[in-house]
Amino acid sequence: MAKVKTKTDNNKKIDERLIPSANIGMVGHVGHGKTMLTEVLTGKLTLTHSEELKRGITIRLGYADMSIYKCEKCKKYVSTEKCPYCFGDAELQRTVSFIDAPGHETLMATVLTGARLMDGAILVIAANERCPQPQTREHVTALNVVGIKNVVIVQSKIDLVDEKEAMKNYKEIKDFVKGTILENAPIIPVSSQKRINIDLILDTIENIIPTPDLADRINKEPRMLVARSFDINKPGIAPKKIMGGTIGGGIISGKLRVGDEIEIKPGVKHGEKYQPLKTKIIGLQKAGIDLEEAVPGGLLGVMTELDPSLTKSDSLVGNVVGLPGRLPETKDEIEFEVNLMKRVVGSEEMGTVQPLKPGETLMVNVGTARSVGSIESIKKAVKLKLKIPLCVEKRERIVISRQISGRWRLIGYGIIC
């Protein structure tokens, strides 16, 4: 783990293993148990938006952190200092951040947003439904497109089926992942309600989703991808106590320090143009721990001097953070080499992907940003005129979706020229 500087109270040293060092995505079809499993693992309900609580599904990316311990006596991995199985003492191993991504078909763009921040993933597949469901197929494709290979498959809700049904579903899962990057991924039968095999999930996470090697990333130019932004002030707060806006996401390279002047691109819309924002970092936090500096690994909250009205309701999601004058130019149009898939992903029909056409409207995802644009030309590369500008660099990977029967469907990927 990379060394990071923490703020301490009364000279008490903070164990760096409590600072999240890896991001693990929780993906799968809607209603298959991702949010429940995240809550069992971390003790946190990631449904925080009012509409999420009302509908019982994840709409925005949810974050939660968990420290993993290993029992000194029975050697099981647990999430507490005392082993719940043998009541022995457990030693802290590391802390990870979970990203609870939406499974609903209309929210695929948000899943792709989260995938860019993931070091590994847990694919949740319910034992009481046929496999694959449309979004199960779509999420596996998304993981493949963004290059996430360290995946644990959780066969959830085994308490709702008998042994025969569980084995039938297991075989469906094996058939589904055959020939994909998940062909050899472990499959763990789990009941979140009954807390069955939770220790096996932790054991598998420790064995196949390692903390990423950050040595080659820390010395690069600072870059942070914004995946959430919000106003932490409560209604009725006294004007003198109002705090600046907060942004959340992941550092993908370099370091950010308290006191740094930062730039945020593309920024906010003024009239017909987007205006970059400049501000100062007044606080950094991971897993509730205040830091003096932050490096890649885990999810990060950045407190700034921005007017909180600029950050409320995730209004800065998709922006890129860096040092002033060091970020790539914001682009109103992009060119990219395209690779189309043979079949449309995410729909029951799995129709053939038709060639791109000039004038066609596409949705593109780059990093945590997404935009809609119209194809201006198709030669060796596709030229796309964007409605929302993007702050991107050459050779970045781009994910492409097309509107089919009123819904955005994943049809391919490309590389920005």
# chains A, B, ... in the order shown; residues from 1 in each chain; ligands from 1
>>> residues_around(residues="A:Val295", least_positions_apart="5", cutoff="12 Å", atoms="only C-alpha atoms", output="MDAnalysis selection string")
chainID A and resid 1:6 19:22 212:224 249:257 284:286 300
>>> select_by_dssp(residues="stretch 152-374 of chain A", states="strand (DSSP E)", output="ChimeraX atom specification")
/A:152-156,187-189,223-230,246-253,256-257,261-270,273-286,289-291,293-294,300-304,320-322,330-345,361-366,369-374
>>> write_last_selection(atoms="C-alpha atoms", output="compact mmCIF listing (two decimals), in the first residue's frame")
# COMPACT_ATOMS: atom_id res chain seq x y z
CA VAL A 152 -16.20 -12.91 -8.01
CA ILE A 153 -19.59 -14.36 -8.99
CA VAL A 154 -22.10 -14.50 -6.15
CA GLN A 155 -25.09 -16.81 -6.64
CA SER A 156 -27.48 -14.93 -4.37
CA ILE A 187 -19.06 -18.93 -8.02
CA ILE A 188 -20.13 -18.63 -4.38
CA PRO A 189 -23.69 -19.57 -3.28
CA ARG A 223 -6.18 13.19 -12.09
CA MET A 224 -9.43 12.53 -10.25
CA LEU A 225 -12.69 11.36 -11.83
CA VAL A 226 -15.80 12.85 -10.22
CA ALA A 227 -18.56 10.26 -9.63
CA ARG A 228 -20.63 12.16 -7.02
CA SER A 229 -20.99 15.78 -5.89
CA PHE A 230 -23.15 17.20 -3.16
CA THR A 246 -17.93 18.45 -1.84
CA ILE A 247 -16.96 16.18 -4.72
CA GLY A 248 -16.45 12.42 -4.54
CA GLY A 249 -14.83 9.87 -6.79
CA GLY A 250 -11.48 8.24 -7.38
CA ILE A 251 -7.95 9.41 -8.04
CA ILE A 252 -6.59 7.55 -11.05
CA SER A 253 -3.09 9.04 -10.95
CA LEU A 256 -3.93 15.55 -4.18
CA ARG A 257 -3.08 17.51 -1.02
CA GLU A 261 -5.35 24.76 -5.98
CA ILE A 262 -7.32 22.59 -8.40
CA GLU A 263 -9.18 22.94 -11.67
CA ILE A 264 -12.39 21.09 -12.57
CA LYS A 265 -13.26 20.49 -16.24
CA PRO A 266 -15.47 20.86 -18.23
CA GLY A 267 -17.01 22.72 -15.26
CA VAL A 268 -20.47 24.29 -15.29
CA LYS A 269 -22.60 25.68 -18.08
CA HIS A 270 -22.78 29.47 -18.54
CA LYS A 273 -20.51 27.42 -23.04
CA TYR A 274 -19.04 25.37 -20.21
CA GLN A 275 -16.76 27.24 -17.82
CA PRO A 276 -13.98 25.38 -15.92
CA LEU A 277 -13.99 25.83 -12.14
CA LYS A 278 -10.99 26.67 -9.98
CA THR A 279 -10.99 26.20 -6.24
CA LYS A 280 -8.90 25.10 -3.26
CA ILE A 281 -8.91 21.77 -1.41
CA ILE A 282 -9.77 22.34 2.26
CA GLY A 283 -10.21 18.70 3.24
CA LEU A 284 -9.64 15.12 2.05
CA GLN A 285 -11.38 12.08 3.46
CA LYS A 286 -11.45 8.33 2.90
CA ILE A 289 -10.50 9.40 7.95
CA ASP A 290 -9.14 12.91 7.38
CA LEU A 291 -6.05 12.95 5.18
CA GLU A 293 -2.79 13.92 0.98
CA ALA A 294 -4.53 11.25 -1.07
CA LEU A 300 -12.30 9.86 -1.91
CA GLY A 301 -14.28 12.85 -0.66
CA VAL A 302 -12.81 16.27 -1.47
CA MET A 303 -14.05 19.32 0.46
CA THR A 304 -13.59 22.55 -1.47
CA VAL A 320 -12.11 15.68 -14.21
CA VAL A 321 -10.02 17.23 -11.43
CA GLY A 322 -6.37 18.23 -11.80
CA THR A 330 -12.31 20.35 -23.19
CA LYS A 331 -13.66 19.10 -26.51
CA ASP A 332 -16.99 19.83 -28.23
CA GLU A 333 -16.30 17.11 -30.77
CA ILE A 334 -14.27 13.93 -30.66
CA GLU A 335 -12.92 11.39 -33.14
CA PHE A 336 -12.58 7.74 -32.24
CA GLU A 337 -11.79 4.37 -33.75
CA VAL A 338 -14.81 2.13 -33.31
CA ASN A 339 -15.33 -1.58 -32.60
CA LEU A 340 -18.97 -2.61 -32.91
CA MET A 341 -20.31 -5.74 -31.24
CA LYS A 342 -22.09 -8.41 -33.24
CA ARG A 343 -25.22 -8.33 -31.08
CA VAL A 344 -27.08 -5.62 -29.17
CA VAL A 345 -26.40 -6.10 -25.46
CA THR A 361 -27.26 10.13 -32.36
CA LEU A 362 -25.07 8.11 -29.97
CA MET A 363 -24.42 8.16 -26.23
CA VAL A 364 -20.77 7.87 -25.22
CA ASN A 365 -19.12 7.17 -21.86
CA VAL A 366 -15.54 8.23 -21.12
CA ALA A 369 -18.49 11.29 -17.99
CA ARG A 370 -21.22 10.68 -20.52
CA SER A 371 -22.51 12.76 -23.39
CA VAL A 372 -24.79 12.53 -26.39
CA GLY A 373 -23.62 13.49 -29.85
CA SER A 374 -24.43 13.37 -33.55
>>> select_by_dssp(residues="stretch 86-259 of chain A", states="helix (DSSP H, G or I)", output="count of residues only")
60
>>> atom_distance(atom1="atom CA of A:Pro389", atom2="atom CA of A:Pro328")
12.1 Å
>>> closest_atom_pairs(of="stretch 168-248 of chain A", to="stretch 74-88 of chain A", cutoff="10 Å", atoms="only C-alpha atoms", output="Markdown table")
| residue | atom | partner | partner_atom | distance |
| --- | --- | --- | --- | --- |
| A:Ile198 | CA | A:Val78 | CA | 8.2 |
| A:Asp199 | CA | A:Tyr77 | CA | 5.6 |
| A:Leu200 | CA | A:Tyr77 | CA | 7.7 |
| A:Ile201 | CA | A:Tyr77 | CA | 8.7 |
| A:Leu202 | CA | A:Tyr77 | CA | 5.8 |
| A:Asp203 | CA | A:Tyr77 | CA | 5.6 |
| A:Thr204 | CA | A:Tyr77 | CA | 9.3 |
| A:Ile205 | CA | A:Tyr77 | CA | 9.7 |
| A:Glu206 | CA | A:Tyr77 | CA | 8.6 |
>>> atom_distance(atom1="atom CA of A:Met66", atom2="atom CA of A:Leu37")
12.2 Å
>>> closest_residue(among="A:Pro186, A:Pro296, A:Pro358, A:Gly259", to="A:Lys174", atoms="only C-alpha atoms")
A:Pro186
>>> residues_around(residues="stretch 161-169 of chain A", least_positions_apart="4", cutoff="9 Å", atoms="only C-alpha atoms", output="list in words")
Ala126, Ala127, Asn128, Glu129, Arg130, Cys131, Gln155, Lys157, Ile173, Lys174 and Pro189 of chain A
>>> write_last_selection(atoms="N, CA and C atoms", output="mmCIF file, in the first residue's frame")
data_model
loop_
_atom_site.group_PDB
_atom_site.id
_atom_site.type_symbol
_atom_site.label_atom_id
_atom_site.label_comp_id
_atom_site.auth_asym_id
_atom_site.auth_seq_id
_atom_site.Cartn_x
_atom_site.Cartn_y
_atom_site.Cartn_z
ATOM 1 N N ALA A 126 -29.032 -13.900 -9.118
ATOM 2 C CA ALA A 126 -30.009 -14.527 -8.224
ATOM 3 C C ALA A 126 -30.283 -15.971 -8.635
ATOM 4 N N ALA A 127 -30.324 -16.860 -7.632
ATOM 5 C CA ALA A 127 -30.543 -18.284 -7.890
ATOM 6 C C ALA A 127 -31.987 -18.586 -8.271
ATOM 7 N N ASN A 128 -32.913 -17.672 -7.979
ATOM 8 C CA ASN A 128 -34.338 -17.932 -8.228
ATOM 9 C C ASN A 128 -34.834 -17.361 -9.556
ATOM 10 N N GLU A 129 -33.883 -16.951 -10.439
ATOM 11 C CA GLU A 129 -34.257 -16.471 -11.760
ATOM 12 C C GLU A 129 -33.358 -17.117 -12.813
ATOM 13 N N ARG A 130 -33.888 -17.218 -14.023
ATOM 14 C CA ARG A 130 -33.114 -17.787 -15.122
ATOM 15 C C ARG A 130 -31.881 -16.930 -15.398
ATOM 16 N N CYS A 131 -30.783 -17.566 -15.726
ATOM 17 C CA CYS A 131 -29.544 -16.855 -16.074
ATOM 18 C C CYS A 131 -29.189 -17.141 -17.528
ATOM 19 N N GLN A 155 -23.764 -16.262 -6.351
ATOM 20 C CA GLN A 155 -25.086 -16.814 -6.643
ATOM 21 C C GLN A 155 -25.963 -16.511 -5.432
ATOM 22 N N LYS A 157 -29.454 -15.360 -3.063
ATOM 23 C CA LYS A 157 -30.831 -15.797 -2.749
ATOM 24 C C LYS A 157 -30.995 -17.312 -2.781
ATOM 25 N N ILE A 173 -25.271 -20.482 -14.995
ATOM 26 C CA ILE A 173 -24.207 -19.489 -14.822
ATOM 27 C C ILE A 173 -22.926 -19.957 -15.516
ATOM 28 N N LYS A 174 -22.557 -21.218 -15.307
ATOM 29 C CA LYS A 174 -21.344 -21.762 -15.925
ATOM 30 C C LYS A 174 -21.430 -21.708 -17.452
ATOM 31 N N PRO A 189 -22.268 -19.634 -3.643
ATOM 32 C CA PRO A 189 -23.685 -19.568 -3.276
ATOM 33 C C PRO A 189 -23.848 -18.813 -1.958
#
>>> residues_around(residues="A:Glu91", least_positions_apart="6", cutoff="9 Å", atoms="only C-alpha atoms", output="list of chain:residue names")
A:Ile68, A:Tyr69, A:Lys70, A:Cys71, A:Glu72, A:Glu81, A:Lys82
>>> write_last_selection(atoms="N, CA and C atoms", output="PDB file, in the first residue's frame")
ATOM      1  N   ILE A  68     -11.396  -5.502   6.228  1.00  0.00           N
ATOM      2  CA  ILE A  68     -11.363  -6.966   6.224  1.00  0.00           C
ATOM      3  C   ILE A  68     -10.340  -7.437   7.260  1.00  0.00           C
ATOM      4  N   TYR A  69     -10.780  -8.343   8.128  1.00  0.00           N
ATOM      5  CA  TYR A  69      -9.930  -8.898   9.180  1.00  0.00           C
ATOM      6  C   TYR A  69      -9.778 -10.405   8.966  1.00  0.00           C
ATOM      7  N   LYS A  70      -8.710 -10.975   9.540  1.00  0.00           N
ATOM      8  CA  LYS A  70      -8.509 -12.421   9.494  1.00  0.00           C
ATOM      9  C   LYS A  70      -8.378 -12.956  10.911  1.00  0.00           C
ATOM     10  N   CYS A  71      -9.231 -13.912  11.241  1.00  0.00           N
ATOM     11  CA  CYS A  71      -9.220 -14.471  12.594  1.00  0.00           C
ATOM     12  C   CYS A  71      -7.921 -15.227  12.851  1.00  0.00           C
ATOM     13  N   GLU A  72      -7.271 -14.911  13.945  1.00  0.00           N
ATOM     14  CA  GLU A  72      -6.000 -15.555  14.286  1.00  0.00           C
ATOM     15  C   GLU A  72      -6.196 -17.015  14.688  1.00  0.00           C
ATOM     16  N   GLU A  81     -13.424  -6.950  14.432  1.00  0.00           N
ATOM     17  CA  GLU A  81     -12.207  -7.276  15.182  1.00  0.00           C
ATOM     18  C   GLU A  81     -12.346  -8.567  15.975  1.00  0.00           C
ATOM     19  N   LYS A  82     -13.574  -8.965  16.291  1.00  0.00           N
ATOM     20  CA  LYS A  82     -13.840 -10.231  16.961  1.00  0.00           C
ATOM     21  C   LYS A  82     -14.518 -11.177  15.992  1.00  0.00           C
TER      22      LYS A  82
END
>>> closest_residue(among="A:Leu410, A:Leu18, A:Ile208, A:Met243", to="A:Pro134", atoms="only C-alpha atoms")
A:Leu410
>>> closest_residue(among="A:Lys312, A:Lys380, A:Ile416, A:Leu323", to="A:Arg395", atoms="only C-alpha atoms")
A:Ile416
>>> closest_residue(among="A:Ala287, A:Leu299, A:Leu117, A:Ile400", to="A:Thr368", atoms="only C-alpha atoms")
A:Leu117
>>> closest_residue(among="A:Val146, A:Cys391, A:Ile237, A:Ile181", to="A:Gly318", atoms="only C-alpha atoms")
A:Cys391
>>> decode(residues="stretch 218-286 of chain A", atoms="C-alpha atoms", output="PDB file, in the first residue's frame")
ATOM      1  CA  ILE A 218       1.494   8.004  -8.062  1.00  0.00           C
ATOM      2  CA  ASN A 219       4.256   9.915  -9.856  1.00  0.00           C
ATOM      3  CA  LYS A 220       2.021  10.898 -12.775  1.00  0.00           C
ATOM      4  CA  GLU A 221       0.018  14.089 -13.230  1.00  0.00           C
ATOM      5  CA  PRO A 222      -2.839  14.318 -10.660  1.00  0.00           C
ATOM      6  CA  ARG A 223      -6.181  13.187 -12.091  1.00  0.00           C
ATOM      7  CA  MET A 224      -9.430  12.528 -10.252  1.00  0.00           C
ATOM      8  CA  LEU A 225     -12.689  11.357 -11.827  1.00  0.00           C
ATOM      9  CA  VAL A 226     -15.802  12.849 -10.218  1.00  0.00           C
ATOM     10  CA  ALA A 227     -18.558  10.265  -9.633  1.00  0.00           C
ATOM     11  CA  ARG A 228     -20.626  12.159  -7.015  1.00  0.00           C
ATOM     12  CA  SER A 229     -20.986  15.776  -5.889  1.00  0.00           C
ATOM     13  CA  PHE A 230     -23.153  17.199  -3.156  1.00  0.00           C
ATOM     14  CA  ASP A 231     -23.944  19.943  -0.678  1.00  0.00           C
ATOM     15  CA  ILE A 232     -23.307  18.741   2.885  1.00  0.00           C
ATOM     16  CA  ASN A 233     -25.027  21.728   4.511  1.00  0.00           C
ATOM     17  CA  LYS A 234     -28.353  21.106   6.229  1.00  0.00           C
ATOM     18  CA  PRO A 235     -31.365  23.389   5.745  1.00  0.00           C
ATOM     19  CA  GLY A 236     -31.427  26.303   8.178  1.00  0.00           C
ATOM     20  CA  ILE A 237     -27.660  26.351   8.788  1.00  0.00           C
ATOM     21  CA  ALA A 238     -26.254  29.702   9.913  1.00  0.00           C
ATOM     22  CA  PRO A 239     -24.509  31.550   7.045  1.00  0.00           C
ATOM     23  CA  LYS A 240     -21.197  31.645   8.914  1.00  0.00           C
ATOM     24  CA  LYS A 241     -21.214  27.841   9.213  1.00  0.00           C
ATOM     25  CA  ILE A 242     -21.877  27.051   5.555  1.00  0.00           C
ATOM     26  CA  MET A 243     -19.312  24.626   4.138  1.00  0.00           C
ATOM     27  CA  GLY A 244     -18.073  24.622   0.553  1.00  0.00           C
ATOM     28  CA  GLY A 245     -19.180  22.048  -1.995  1.00  0.00           C
ATOM     29  CA  THR A 246     -17.931  18.449  -1.838  1.00  0.00           C
ATOM     30  CA  ILE A 247     -16.955  16.176  -4.716  1.00  0.00           C
ATOM     31  CA  GLY A 248     -16.453  12.424  -4.541  1.00  0.00           C
ATOM     32  CA  GLY A 249     -14.828   9.873  -6.789  1.00  0.00           C
ATOM     33  CA  GLY A 250     -11.479   8.241  -7.380  1.00  0.00           C
ATOM     34  CA  ILE A 251      -7.946   9.414  -8.036  1.00  0.00           C
ATOM     35  CA  ILE A 252      -6.588   7.550 -11.049  1.00  0.00           C
ATOM     36  CA  SER A 253      -3.087   9.040 -10.948  1.00  0.00           C
ATOM     37  CA  GLY A 254      -0.880  11.390  -8.928  1.00  0.00           C
ATOM     38  CA  LYS A 255      -1.566  12.920  -5.516  1.00  0.00           C
ATOM     39  CA  LEU A 256      -3.929  15.552  -4.177  1.00  0.00           C
ATOM     40  CA  ARG A 257      -3.084  17.508  -1.015  1.00  0.00           C
ATOM     41  CA  VAL A 258      -4.983  19.750   1.358  1.00  0.00           C
ATOM     42  CA  GLY A 259      -4.278  23.314   0.279  1.00  0.00           C
ATOM     43  CA  ASP A 260      -3.821  22.445  -3.420  1.00  0.00           C
ATOM     44  CA  GLU A 261      -5.351  24.761  -5.978  1.00  0.00           C
ATOM     45  CA  ILE A 262      -7.325  22.586  -8.398  1.00  0.00           C
ATOM     46  CA  GLU A 263      -9.177  22.941 -11.671  1.00  0.00           C
ATOM     47  CA  ILE A 264     -12.390  21.095 -12.573  1.00  0.00           C
ATOM     48  CA  LYS A 265     -13.263  20.488 -16.240  1.00  0.00           C
ATOM     49  CA  PRO A 266     -15.475  20.865 -18.229  1.00  0.00           C
ATOM     50  CA  GLY A 267     -17.007  22.722 -15.265  1.00  0.00           C
ATOM     51  CA  VAL A 268     -20.473  24.295 -15.289  1.00  0.00           C
ATOM     52  CA  LYS A 269     -22.603  25.681 -18.077  1.00  0.00           C
ATOM     53  CA  HIS A 270     -22.780  29.466 -18.543  1.00  0.00           C
ATOM     54  CA  GLY A 271     -25.047  30.363 -21.430  1.00  0.00           C
ATOM     55  CA  GLU A 272     -24.025  28.159 -24.343  1.00  0.00           C
ATOM     56  CA  LYS A 273     -20.507  27.417 -23.035  1.00  0.00           C
ATOM     57  CA  TYR A 274     -19.038  25.369 -20.207  1.00  0.00           C
ATOM     58  CA  GLN A 275     -16.759  27.244 -17.818  1.00  0.00           C
ATOM     59  CA  PRO A 276     -13.984  25.379 -15.918  1.00  0.00           C
ATOM     60  CA  LEU A 277     -13.989  25.835 -12.144  1.00  0.00           C
ATOM     61  CA  LYS A 278     -10.988  26.674  -9.984  1.00  0.00           C
ATOM     62  CA  THR A 279     -10.986  26.203  -6.243  1.00  0.00           C
ATOM     63  CA  LYS A 280      -8.900  25.100  -3.262  1.00  0.00           C
ATOM     64  CA  ILE A 281      -8.911  21.770  -1.415  1.00  0.00           C
ATOM     65  CA  ILE A 282      -9.768  22.340   2.259  1.00  0.00           C
ATOM     66  CA  GLY A 283     -10.214  18.700   3.239  1.00  0.00           C
ATOM     67  CA  LEU A 284      -9.643  15.120   2.046  1.00  0.00           C
ATOM     68  CA  GLN A 285     -11.378  12.084   3.462  1.00  0.00           C
ATOM     69  CA  LYS A 286     -11.445   8.333   2.902  1.00  0.00           C
TER      70      LYS A 286
END
